[in-house]
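Here is run-v4.pdb, consisting of PDB, C-alpha atoms:
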ATOM      1  CA  MET D 116     -13.817  38.628 -16.630
ATOM      2  CA  LEU D 117     -12.145  36.842 -13.762
ATOM      3  CA  LYS D 118     -14.184  34.347 -11.785
ATOM      4  CA  GLU D 119     -14.642  35.125  -8.120
ATOM      5  CA  LEU D 120     -12.551  32.982  -5.783
ATOM      6  CA  ASN D 121     -14.588  30.560  -3.708
ATOM      7  CA  PRO D 122     -14.875  32.330  -0.309
ATOM      8  CA  LEU D 123     -15.162  29.038   1.544
ATOM      9  CA  LEU D 124     -11.757  27.958   0.285
ATOM     10  CA  HIS D 125     -10.128  31.383   0.303
ATOM     11  CA  SER D 126      -9.288  31.156   3.979
ATOM     12  CA  GLN D 127      -5.991  29.957   5.414
ATOM     13  CA  LEU D 128      -7.089  27.007   7.542
ATOM     14  CA  ARG D 129      -9.832  25.681   5.256
ATOM     15  CA  LEU D 130      -7.530  25.878   2.249
ATOM     16  CA  ALA D 131      -4.805  24.033   4.190
ATOM     17  CA  ILE D 132      -7.272  21.296   5.181
ATOM     18  CA  MET D 133      -8.454  20.882   1.595
ATOM     19  CA  SER D 134      -4.870  20.837   0.250
ATOM     20  CA  ILE D 135      -3.976  18.042   2.679
ATOM     21  CA  LEU D 136      -7.071  16.003   1.863
ATOM     22  CA  MET D 137      -6.617  16.458  -1.886
ATOM     23  CA  ASN D 138      -3.259  14.749  -1.528
ATOM     24  CA  CYS D 139      -4.480  11.655   0.286
ATOM     25  CA  GLU D 140      -7.504   9.434   0.584
ATOM     26  CA  GLU D 141      -8.048   9.790   4.297
ATOM     27  CA  ALA D 142      -6.393  11.734   7.083
ATOM     28  CA  SER D 143      -7.078  11.782  10.799
ATOM     29  CA  PHE D 144      -8.038  14.844  12.816
ATOM     30  CA  VAL D 145      -4.778  14.474  14.755
ATOM     31  CA  TYR D 146      -2.719  14.450  11.563
ATOM     32  CA  ILE D 147      -4.469  17.522  10.117
ATOM     33  CA  LYS D 148      -4.063  19.327  13.436
ATOM     34  CA  GLU D 149      -0.324  18.559  13.445
ATOM     35  CA  GLN D 150       0.177  19.682   9.856
ATOM     36  CA  THR D 151      -1.828  22.892  10.161
ATOM     37  CA  GLN D 152      -0.790  23.649  13.752
ATOM     38  CA  ALA D 153      -4.341  24.822  14.389
ATOM     39  CA  THR D 154      -6.139  24.551  17.705
ATOM     40  CA  ALA D 155      -8.530  21.617  18.080
ATOM     41  CA  GLY D 156     -11.507  23.939  18.524
ATOM     42  CA  ASN D 157     -10.779  26.034  15.446
ATOM     43  CA  LEU D 158     -10.051  22.969  13.363
ATOM     44  CA  SER D 159     -13.356  21.380  14.391
ATOM     45  CA  VAL D 160     -15.265  24.502  13.385
ATOM     46  CA  GLN D 161     -13.583  24.657   9.969
ATOM     47  CA  LEU D 162     -14.095  20.936   9.374
ATOM     48  CA  ASP D 163     -17.786  21.389  10.171
ATOM     49  CA  LYS D 164     -18.022  24.220   7.639
ATOM     50  CA  LEU D 165     -16.366  22.143   4.922
ATOM     51  CA  GLU D 166     -18.562  19.174   5.754
ATOM     52  CA  ALA D 167     -21.709  21.311   5.685
ATOM     53  CA  ALA D 168     -20.710  22.547   2.220
ATOM     54  CA  GLY D 169     -20.363  18.927   1.091
ATOM     55  CA  TYR D 170     -16.626  19.299   0.406
ATOM     56  CA  ILE D 171     -15.475  16.687   2.895
ATOM     57  CA  THR D 172     -16.834  13.772   4.880
ATOM     58  CA  VAL D 173     -15.980  13.313   8.528
ATOM     59  CA  GLU D 174     -16.198   9.833   9.960
ATOM     60  CA  LYS D 175     -16.011   9.326  13.699
ATOM     61  CA  LYS D 176     -15.151   5.887  14.961
ATOM     62  CA  PHE D 177     -13.213   4.078  17.638
ATOM     63  CA  GLN D 178      -9.865   2.400  17.411
ATOM     64  CA  GLY D 179      -9.881   0.153  20.427
ATOM     65  CA  LYS D 180     -10.997   2.530  23.156
ATOM     66  CA  LYS D 181      -9.606   5.651  21.495
ATOM     67  CA  PRO D 182     -11.831   7.852  19.328
ATOM     68  CA  LEU D 183     -10.610   8.308  15.776
ATOM     69  CA  THR D 184     -11.871  11.006  13.420
ATOM     70  CA  LEU D 185     -11.119  10.447   9.752
ATOM     71  CA  CYS D 186     -11.649  13.071   7.069
ATOM     72  CA  SER D 187     -11.737  12.640   3.322
ATOM     73  CA  VAL D 188     -12.574  14.910   0.422
ATOM     74  CA  THR D 189     -15.738  14.306  -1.640
ATOM     75  CA  ASP D 190     -15.967  14.448  -5.438
ATOM     76  CA  PHE D 191     -17.814  17.750  -5.063
ATOM     77  CA  GLY D 192     -14.978  19.027  -2.870
ATOM     78  CA  LYS D 193     -12.404  17.921  -5.449
ATOM     79  CA  GLU D 194     -14.250  19.824  -8.173
ATOM     80  CA  ALA D 195     -14.496  22.927  -5.986
ATOM     81  CA  PHE D 196     -10.788  22.779  -5.157
ATOM     82  CA  GLU D 197      -9.795  22.328  -8.803
ATOM     83  CA  GLU D 198     -11.997  25.262  -9.822
ATOM     84  CA  TYR D 199     -10.440  27.330  -7.050
ATOM     85  CA  VAL D 200      -6.903  26.537  -8.230
ATOM     86  CA  ILE D 201      -7.811  27.376 -11.856
ATOM     87  CA  ALA D 202      -9.371  30.675 -10.773
ATOM     88  CA  LEU D 203      -6.349  31.413  -8.598
ATOM     89  CA  SER D 204      -3.922  30.818 -11.443
ATOM     90  CA  ASP D 205      -6.014  33.153 -13.660
ATOM     91  CA  TYR D 206      -5.701  35.874 -11.022
ATOM     92  CA  LEU D 207      -1.964  35.336 -10.742
ATOM     93  CA  LYS D 208      -1.556  35.587 -14.536
ATOM     94  CA  VAL D 209      -3.300  38.978 -14.479
ATOM     95  CA  GLU D 210      -1.180  40.196 -11.554
TER
ATOM     96  CA  MET B  74      -2.922  28.482  11.538
ATOM     97  CA  GLU B  75      -6.045  30.585  11.745
ATOM     98  CA  ASP B  76      -9.190  31.362   9.797
ATOM     99  CA  LYS B  77      -7.690  34.423   8.091
ATOM    100  CA  LYS B  78      -8.145  35.597   4.535
ATOM    101  CA  LEU B  79      -5.184  35.156   2.208
ATOM    102  CA  ASN B  80      -4.000  37.012  -0.836
ATOM    103  CA  ASN B  81      -3.635  35.043  -4.073
ATOM    104  CA  GLN B  82       0.108  34.503  -3.761
ATOM    105  CA  GLU B  83      -0.226  33.310  -0.172
ATOM    106  CA  SER B  84      -2.961  30.876  -1.210
ATOM    107  CA  LEU B  85      -0.752  29.309  -3.826
ATOM    108  CA  GLU B  86       2.180  29.075  -1.414
ATOM    109  CA  LEU B  87      -0.035  27.461   1.219
ATOM    110  CA  ILE B  88      -1.321  24.829  -1.238
ATOM    111  CA  THR B  89       2.265  24.016  -2.284
ATOM    112  CA  LEU B  90       3.415  23.829   1.334
ATOM    113  CA  MET B  91       0.604  21.490   2.387
ATOM    114  CA  ILE B  92       1.072  19.228  -0.631
ATOM    115  CA  ASN B  93       4.808  18.965   0.087
ATOM    116  CA  GLN B  94       4.163  18.260   3.761
ATOM    117  CA  THR B  95       1.727  15.461   3.012
ATOM    118  CA  LYS B  96       3.840  13.820   0.333
ATOM    119  CA  ARG B  97       4.063  10.127   1.010
ATOM    120  CA  LYS B  98       6.956   9.406   3.345
ATOM    121  CA  LEU B  99       8.485   6.072   4.184
ATOM    122  CA  HIS B 100       7.816   4.926   7.709
ATOM    123  CA  VAL B 101       9.994   2.738   9.919
ATOM    124  CA  GLY B 102       9.111  -0.902   9.341
ATOM    125  CA  GLN B 103       7.818  -0.260   5.805
ATOM    126  CA  GLY B 104       9.531  -3.421   4.565
ATOM    127  CA  ASN B 105       8.468  -5.676   7.463
ATOM    128  CA  LEU B 106       5.562  -7.317   5.648
ATOM    129  CA  LEU B 107       7.785  -8.101   2.669
ATOM    130  CA  LEU B 108      10.469  -9.492   4.960
ATOM    131  CA  TRP B 109       7.963 -11.649   6.799
ATOM    132  CA  TRP B 110       6.504 -13.218   3.634
ATOM    133  CA  GLY B 111       9.937 -13.428   1.995
ATOM    134  CA  TYR B 112      11.671 -15.209   4.880
ATOM    135  CA  THR B 113       8.664 -17.474   5.523
ATOM    136  CA  SER B 114       8.478 -18.533   1.860
ATOM    137  CA  ALA B 115      12.238 -19.064   1.555
ATOM    138  CA  ILE B 116      12.517 -21.077   4.794
ATOM    139  CA  VAL B 117       9.431 -23.199   4.020
ATOM    140  CA  GLY B 118      10.806 -23.735   0.489
ATOM    141  CA  LEU B 119      14.042 -24.992   2.025
ATOM    142  CA  LEU B 120      12.113 -27.249   4.397
ATOM    143  CA  VAL B 121      10.046 -28.725   1.549
ATOM    144  CA  GLY B 122      13.178 -29.238  -0.567
ATOM    145  CA  LEU B 123      15.039 -31.020   2.230
ATOM    146  CA  SER B 124      12.004 -33.182   3.055
ATOM    147  CA  LEU B 125      11.622 -34.192  -0.587
ATOM    148  CA  LEU B 126      15.304 -35.081  -0.833
ATOM    149  CA  LEU B 127      15.291 -37.034   2.432
ATOM    150  CA  THR B 128      12.126 -38.987   1.552
ATOM    151  CA  ASN B 129      13.093 -39.702  -2.060
ATOM    152  CA  GLY B 130      10.425 -37.342  -3.365
ATOM    153  CA  ASN B 131       7.422 -38.354  -1.264
ATOM    154  CA  PRO B 132       4.644 -36.078  -2.610
ATOM    155  CA  ALA B 133       3.119 -35.826   0.873
ATOM    156  CA  CYS B 134       5.998 -33.474   1.760
ATOM    157  CA  ASN B 135       4.330 -30.886  -0.459
ATOM    158  CA  TRP B 136       1.675 -30.342   2.196
ATOM    159  CA  LEU B 137       4.408 -28.457   4.053
ATOM    160  CA  TRP B 138       3.871 -25.607   1.555
ATOM    161  CA  PHE B 139       0.809 -24.697   3.595
ATOM    162  CA  LEU B 140       3.133 -23.528   6.350
ATOM    163  CA  ILE B 141       3.627 -20.421   4.204
ATOM    164  CA  TRP B 142      -0.082 -19.652   4.580
ATOM    165  CA  ILE B 143      -0.201 -20.412   8.272
ATOM    166  CA  ILE B 144       3.012 -18.678   9.406
ATOM    167  CA  GLY B 145       2.738 -15.875   6.819
ATOM    168  CA  GLY B 146      -0.925 -15.245   7.587
ATOM    169  CA  ILE B 147      -0.429 -15.058  11.356
ATOM    170  CA  GLY B 148       2.559 -12.740  10.969
ATOM    171  CA  MET B 149       0.663 -10.527   8.539
ATOM    172  CA  LEU B 150      -2.226 -10.122  10.973
ATOM    173  CA  VAL B 151       0.189  -9.155  13.761
ATOM    174  CA  ILE B 152       2.048  -6.621  11.567
ATOM    175  CA  LYS B 153      -1.219  -5.142  10.226
ATOM    176  CA  ARG B 154      -2.622  -4.853  13.741
ATOM    177  CA  LYS B 155       0.449  -2.896  14.828
ATOM    178  CA  ASP B 156       0.177  -0.787  11.690
ATOM    179  CA  LYS B 157      -3.437   0.172  12.455
ATOM    180  CA  ASN B 158      -2.313   2.889  14.851
ATOM    181  CA  ARG B 159      -0.422   4.541  11.999
ATOM    182  CA  ILE B 160      -3.633   5.979  10.477
ATOM    183  CA  GLU B 161      -3.809   8.536  13.279
ATOM    184  CA  LYS B 162      -0.301   9.831  12.613
ATOM    185  CA  GLU B 163      -0.083   9.431   8.856
ATOM    186  CA  PRO B 164      -2.627   9.906   6.076
ATOM    187  CA  PHE B 165      -3.927   6.984   4.055
ATOM    188  CA  THR B 166      -2.810   7.736   0.524
ATOM    189  CA  TYR B 167      -3.868   6.540  -2.912
ATOM    190  CA  VAL B 168      -0.599   4.589  -3.041
ATOM    191  CA  ASP B 169      -1.620   2.765   0.159
ATOM    192  CA  ARG B 170      -5.029   1.957  -1.351
ATOM    193  CA  ILE B 171      -3.553   0.666  -4.649
ATOM    194  CA  SER B 172      -0.940  -1.428  -2.831
ATOM    195  CA  SER B 173      -3.541  -2.893  -0.519
ATOM    196  CA  ASN B 174      -5.864  -3.772  -3.425
ATOM    197  CA  LEU B 175      -2.993  -5.214  -5.472
ATOM    198  CA  TRP B 176      -1.835  -7.611  -2.740
ATOM    199  CA  GLY B 177      -5.438  -8.379  -1.794
ATOM    200  CA  THR B 178      -6.139  -9.515  -5.357
ATOM    201  CA  ILE B 179      -2.934 -11.543  -5.496
ATOM    202  CA  GLY B 180      -3.720 -13.112  -2.123
ATOM    203  CA  TRP B 181      -7.171 -14.206  -3.360
ATOM    204  CA  MET B 182      -5.640 -15.575  -6.543
ATOM    205  CA  PHE B 183      -3.296 -17.661  -4.382
ATOM    206  CA  VAL B 184      -6.217 -18.893  -2.278
ATOM    207  CA  LEU B 185      -8.224 -19.863  -5.372
ATOM    208  CA  GLY B 186      -5.174 -21.478  -6.993
ATOM    209  CA  THR B 187      -4.515 -23.463  -3.840
ATOM    210  CA  LEU B 188      -8.124 -24.628  -3.570
ATOM    211  CA  MET B 189      -8.176 -25.681  -7.231
ATOM    212  CA  SER B 190      -4.895 -27.497  -6.780
ATOM    213  CA  ILE B 191      -6.241 -29.355  -3.736
ATOM    214  CA  GLY B 192      -9.393 -30.201  -5.702
ATOM    215  CA  PHE B 193      -7.312 -31.827  -8.428
ATOM    216  CA  GLN B 194      -5.318 -33.766  -5.814
ATOM    217  CA  PHE B 195      -8.542 -35.520  -4.788
ATOM    218  CA  PHE B 196      -8.877 -36.822  -8.336
ATOM    219  CA  GLY B 197      -5.389 -38.233  -8.152
ATOM    220  CA  LYS B 198      -3.730 -35.527 -10.239
ATOM    221  CA  ASP B 199      -0.388 -34.240  -9.022
ATOM    222  CA  THR B 200      -0.870 -30.492  -9.342
ATOM    223  CA  TRP B 201       1.627 -29.247  -6.759
ATOM    224  CA  VAL B 202       3.676 -27.777  -9.547
ATOM    225  CA  VAL B 203       0.812 -25.401 -10.396
ATOM    226  CA  MET B 204       1.205 -23.791  -6.984
ATOM    227  CA  LEU B 205       4.925 -23.471  -7.508
ATOM    228  CA  VAL B 206       4.403 -21.712 -10.850
ATOM    229  CA  PHE B 207       1.748 -19.551  -9.167
ATOM    230  CA  GLY B 208       4.313 -18.620  -6.518
ATOM    231  CA  PHE B 209       6.832 -17.472  -9.089
ATOM    232  CA  LEU B 210       4.412 -15.646 -11.366
ATOM    233  CA  LEU B 211       1.903 -14.081  -8.983
ATOM    234  CA  ALA B 212       4.387 -12.995  -6.343
ATOM    235  CA  GLY B 213       6.718 -11.788  -9.104
ATOM    236  CA  PHE B 214       3.946  -9.779 -10.734
ATOM    237  CA  GLY B 215       2.906  -8.312  -7.388
ATOM    238  CA  SER B 216       6.449  -7.314  -6.483
ATOM    239  CA  THR B 217       7.094  -5.735  -9.875
ATOM    240  CA  MET B 218       3.874  -3.696  -9.749
ATOM    241  CA  GLN B 219       4.447  -2.696  -6.128
ATOM    242  CA  GLY B 220       7.976  -1.651  -7.059
ATOM    243  CA  TYR B 221       6.617   0.609  -9.806
ATOM    244  CA  ILE B 222       3.978   2.067  -7.475
ATOM    245  CA  ILE B 223       6.418   2.962  -4.697
ATOM    246  CA  GLN B 224       9.284   3.597  -7.118
ATOM    247  CA  GLU B 225      11.574   0.986  -5.593
ATOM    248  CA  LYS B 226      13.916  -0.357  -8.263
ATOM    249  CA  SER B 227      15.096  -3.371  -6.243
ATOM    250  CA  MET B 228      11.502  -4.613  -6.077
ATOM    251  CA  VAL B 229      10.907  -4.110  -9.778
ATOM    252  CA  ALA B 230      14.110  -5.988 -10.613
ATOM    253  CA  GLY B 231      13.443  -8.796  -8.103
ATOM    254  CA  GLY B 232       9.846  -9.209  -9.257
ATOM    255  CA  ALA B 233      10.887  -9.210 -12.921
ATOM    256  CA  PHE B 234      13.480 -11.893 -12.172
ATOM    257  CA  SER B 235      10.808 -14.056 -10.569
ATOM    258  CA  LEU B 236       8.481 -13.500 -13.541
ATOM    259  CA  VAL B 237      11.197 -14.698 -15.926
ATOM    260  CA  VAL B 238      11.911 -17.743 -13.744
ATOM    261  CA  GLY B 239       8.170 -18.470 -13.457
ATOM    262  CA  THR B 240       7.755 -18.316 -17.232
ATOM    263  CA  PHE B 241      10.746 -20.643 -17.654
ATOM    264  CA  VAL B 242       9.321 -23.146 -15.150
ATOM    265  CA  LEU B 243       5.915 -22.954 -16.868
ATOM    266  CA  CYS B 244       7.580 -23.683 -20.226
ATOM    267  CA  CYS B 245       9.365 -26.665 -18.636
ATOM    268  CA  VAL B 246       6.047 -28.000 -17.297
ATOM    269  CA  LEU B 247       4.238 -27.536 -20.622
ATOM    270  CA  SER B 248       7.032 -29.143 -22.609
ATOM    271  CA  GLY B 249       7.313 -32.112 -20.255
ATOM    272  CA  VAL B 250      10.733 -31.267 -18.772
ATOM    273  CA  LYS B 251      10.912 -32.885 -15.342
ATOM    274  CA  LEU B 252      11.250 -30.395 -12.503
ATOM    275  CA  ALA B 253      13.974 -31.668 -10.195
ATOM    276  CA  VAL B 254      14.005 -30.652  -6.532
ATOM    277  CA  TYR B 255      17.708 -29.768  -6.607
ATOM    278  CA  TRP B 256      17.208 -26.886  -9.029
ATOM    279  CA  VAL B 257      13.564 -25.829  -8.693
ATOM    280  CA  ILE B 258      13.591 -25.324  -4.927
ATOM    281  CA  PRO B 259      16.838 -23.276  -4.920
ATOM    282  CA  LEU B 260      15.322 -21.147  -7.713
ATOM    283  CA  PHE B 261      12.203 -20.647  -5.584
ATOM    284  CA  ILE B 262      14.333 -19.555  -2.618
ATOM    285  CA  VAL B 263      16.480 -17.225  -4.732
ATOM    286  CA  CYS B 264      13.340 -15.631  -6.215
ATOM    287  CA  PHE B 265      11.905 -14.840  -2.783
ATOM    288  CA  ILE B 266      15.263 -13.469  -1.662
ATOM    289  CA  VAL B 267      15.515 -11.070  -4.609
ATOM    290  CA  MET B 268      11.875 -10.027  -4.829
ATOM    291  CA  MET B 269      10.995  -9.710  -1.137
ATOM    292  CA  ILE B 270      13.880 -10.087   1.287
ATOM    293  CA  ILE B 271      16.367  -7.731  -0.384
ATOM    294  CA  PRO B 272      13.743  -5.030  -1.196
ATOM    295  CA  GLY B 273      12.344  -5.380   2.332
ATOM    296  CA  HIS B 274      15.757  -4.615   3.844
ATOM    297  CA  VAL B 275      16.328  -1.816   1.318
ATOM    298  CA  LEU B 276      12.982  -0.182   2.231
ATOM    299  CA  ASN B 277      13.647  -0.453   5.963
ATOM    300  CA  ALA B 278      17.121   1.034   5.538
ATOM    301  CA  LYS B 279      15.730   3.926   3.470
ATOM    302  CA  ALA B 280      12.962   4.553   6.005
ATOM    303  CA  LYS B 281      15.476   4.562   8.863
ATOM    304  CA  LYS B 282      17.622   7.075   6.960
ATOM    305  CA  GLN B 283      14.618   9.292   6.170
ATOM    306  CA  CYS B 284      13.346   9.330   9.745
TER
END
Encoding of this model in structure tokens:
Amino acid sequence: MLKELNPLLHSQLRLAIMSILMNCEEASFVYIKEQTQATAGNLSVQLDKLEAAGYITVEKKFQGKKPLTLCSVTDFGKEAFEEYVIALSDYLKVE
Amino acid sequence: MEDKKLNNQESLELITLMINQTKRKLHVGQGNLLLWWGYTSAIVGLLVGLSLLLTNGNPACNWLWFLIWIIGGIGMLVIKRKDKNRIEKEPFTYVDRISSNLWGTIGWMFVLGTLMSIGFQFFGKDTWVVMLVFGFLLAGFGSTMQGYIIQEKSMVAGGAFSLVVGTFVLCCVLSGVKLAVYWVIPLFIVCFIVMMIIPGHVLNAKAKKQC
């Protein structure tokens, strides 16, 4: 029986955020916003959801006088993403 | 991009797209740090060589080697400070982390080697040559590894050349062959040209082309 796809990751913006963060150690809010072309508000909401699930960490700091938000994926998030990709490939094999 | 549900095929395509978009790209000025250390080391090497020749090998001239630390260190801080703003526009990748740790370790090895060398000087032992061998071997090792990490052949080749030269100089020291200024210093300069200056220009040219 096929495993159910993780609903938290099976959404366009959250999956895009996780894919970006899986490929690097740290990325800024500005960078993720540019890559996903999402609105700042929507991106913030989705980042909060991923952070609440323990998939990512969000660090807010200052660079000089400018605020800088850095996001990185947690080990738990990495596991969840890998499981999601495995489940996805199982679905695609069946299709 | 919105918070919409995707079908399986779309999910896979999105993952591929994002991974391709975030693949490590060269940025303008990528080779600047290499160029700074390379030119500083080569010019200071030349200065030390000329001073030694003009003073008939006065060992005090060797203190000029510390100019590499002073000039190189100041330049590195300036370049890194400018680079700090990059984190907002580009992600910090695993390659960045490995490179940073690699050169950090090599930098500390140089510091420790220098301190030990100075310590021996106080006991009347002439250990300047240790620092020279350190320069060839550590910088050569760093360049070779960095070249492998960023897949830059010119750096691998330049670093490997310096490693070979460093091993040769070490063999000379251990077997009692006298190191003469007229061949050791030019070798030192050539090593820094091939392992840092040339790769630095190559990286900057590639980055310019890519951007």
Original post:
What residues come out when you apply the PyMOL selection byres ((chain B) within 10 of (chain D)) to this file, written as a PyMOL selection string?
Top reply: chain B and resi 74-85+87-97+157-170
Hey, what's within 9 Å of Tyr170 (chain D) if we count all atoms listed in the file and toss same-chain stuff fewer than 5 positions away? As a PyMOL selection string, please?
chain D and resi 133+164-165+187-196
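One distance worth recording is that between CA of Gly111 (chain B) and CA of Val242 (chain B), which is 19.7 Å.
Take CA of Val203 (chain B) and CA of Ser173 (chain B): the distance between them is 25.0 Å.
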Residues picked by the PyMOL selection byres ((chain B and resi 209) around 10) here, as a PyMOL selection string? chain B and resi 204-208+210-214+232-243+260-261+264-265+268
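Selection check: the PyMOL selection byres ((chain B and resi 122-135) around 9) on the shown file gives Val117, Gly118, Leu119, Leu120, Val121, Trp136, Leu137, Trp138, Phe139, Asp199, Trp201, Val254, Tyr255, Val257, Ile258 and Pro259 of chain B.
Nearest-residue note for Met218 (chain B): choosing from B:Met189, B:Ala230, B:Ala115, B:Val184, the minimum distance belongs to B:Ala230, counting all atoms listed in the file.
When only C-alpha atoms are used to measure the gap to Leu276 (chain B), the shortest distance among B:Ser248, B:Ser227, B:Thr217, B:Thr200 belongs to B:Ser227.
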Between CA of Leu162 (chain D) and CA of Arg154 (chain B) lies a distance of 28.6 Å
May I have the residues within 9 Å of Gln103 (chain B) as number ranges by chain, using all atoms listed in the file and disregarding those fewer than 5 positions away in the same chain?
B: 273, 276-277, 280
Just-selected residues, C-alpha atoms written as an mmCIF file, keeping the file's coordinate frame:
data_model
loop_
_atom_site.group_PDB
_atom_site.id
_atom_site.type_symbol
_atom_site.label_atom_id
_atom_site.label_comp_id
_atom_site.auth_asym_id
_atom_site.auth_seq_id
_atom_site.Cartn_x
_atom_site.Cartn_y
_atom_site.Cartn_z
ATOM 1 C CA GLY B 273 12.344 -5.380 2.332
ATOM 2 C CA LEU B 276 12.982 -0.182 2.231
ATOM 3 C CA ASN B 277 13.647 -0.453 5.963
ATOM 4 C CA ALA B 280 12.962 4.553 6.005
#
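Using all atoms listed in the file for every distance, the candidate list B:Val202, B:Ala278, B:Ile147, B:Ile271 yields B:Val202 as the residue closest to Thr187 (chain B).
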Restricted to N, CA, C and O atoms, what does region 118-132 of chain B look like when written out as a compact mmCIF listing (two decimals), in the first residue's frame?
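Wrote decode04.txt, looks like this:
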# COMPACT_ATOMS: atom_id res chain seq x y z
N GLY B 118 57.46 37.86 -0.87
CA GLY B 118 58.53 36.90 -1.17
C GLY B 118 59.65 37.57 -1.94
O GLY B 118 60.84 37.42 -1.63
N LEU B 119 59.25 38.38 -2.93
CA LEU B 119 60.23 39.11 -3.74
C LEU B 119 61.02 40.10 -2.87
O LEU B 119 62.26 40.21 -2.98
N LEU B 120 60.29 40.78 -2.00
CA LEU B 120 60.90 41.77 -1.11
C LEU B 120 61.92 41.10 -0.17
O LEU B 120 63.03 41.60 0.01
N VAL B 121 61.52 39.96 0.39
CA VAL B 121 62.42 39.22 1.29
C VAL B 121 63.66 38.77 0.52
O VAL B 121 64.80 38.94 0.98
N GLY B 122 63.44 38.23 -0.68
CA GLY B 122 64.55 37.74 -1.50
C GLY B 122 65.54 38.84 -1.81
O GLY B 122 66.76 38.67 -1.64
N LEU B 123 65.01 40.00 -2.25
CA LEU B 123 65.89 41.13 -2.58
C LEU B 123 66.64 41.62 -1.35
O LEU B 123 67.84 41.90 -1.42
N SER B 124 65.92 41.69 -0.21
CA SER B 124 66.58 42.15 1.03
C SER B 124 67.71 41.21 1.42
O SER B 124 68.78 41.65 1.83
N LEU B 125 67.45 39.91 1.31
CA LEU B 125 68.48 38.93 1.67
C LEU B 125 69.70 39.04 0.76
O LEU B 125 70.84 38.96 1.21
N LEU B 126 69.43 39.27 -0.53
CA LEU B 126 70.55 39.39 -1.48
C LEU B 126 71.35 40.66 -1.22
O LEU B 126 72.57 40.67 -1.26
N LEU B 127 70.62 41.75 -0.93
CA LEU B 127 71.29 43.05 -0.73
C LEU B 127 72.04 43.13 0.61
O LEU B 127 72.95 43.93 0.75
N THR B 128 71.62 42.30 1.58
CA THR B 128 72.28 42.38 2.90
C THR B 128 73.18 41.16 3.14
O THR B 128 73.53 40.88 4.29
N ASN B 129 73.51 40.47 2.07
CA ASN B 129 74.34 39.26 2.18
C ASN B 129 73.75 38.23 3.15
O ASN B 129 74.45 37.64 3.96
N GLY B 130 72.43 38.07 3.07
CA GLY B 130 71.76 37.02 3.84
C GLY B 130 71.56 37.32 5.30
O GLY B 130 71.57 36.40 6.13
N ASN B 131 71.33 38.60 5.64
CA ASN B 131 71.05 38.94 7.04
C ASN B 131 69.72 38.29 7.46
O ASN B 131 68.67 38.60 6.91
N PRO B 132 69.75 37.38 8.46
CA PRO B 132 68.52 36.68 8.83
C PRO B 132 67.40 37.59 9.31
O PRO B 132 66.22 37.22 9.27
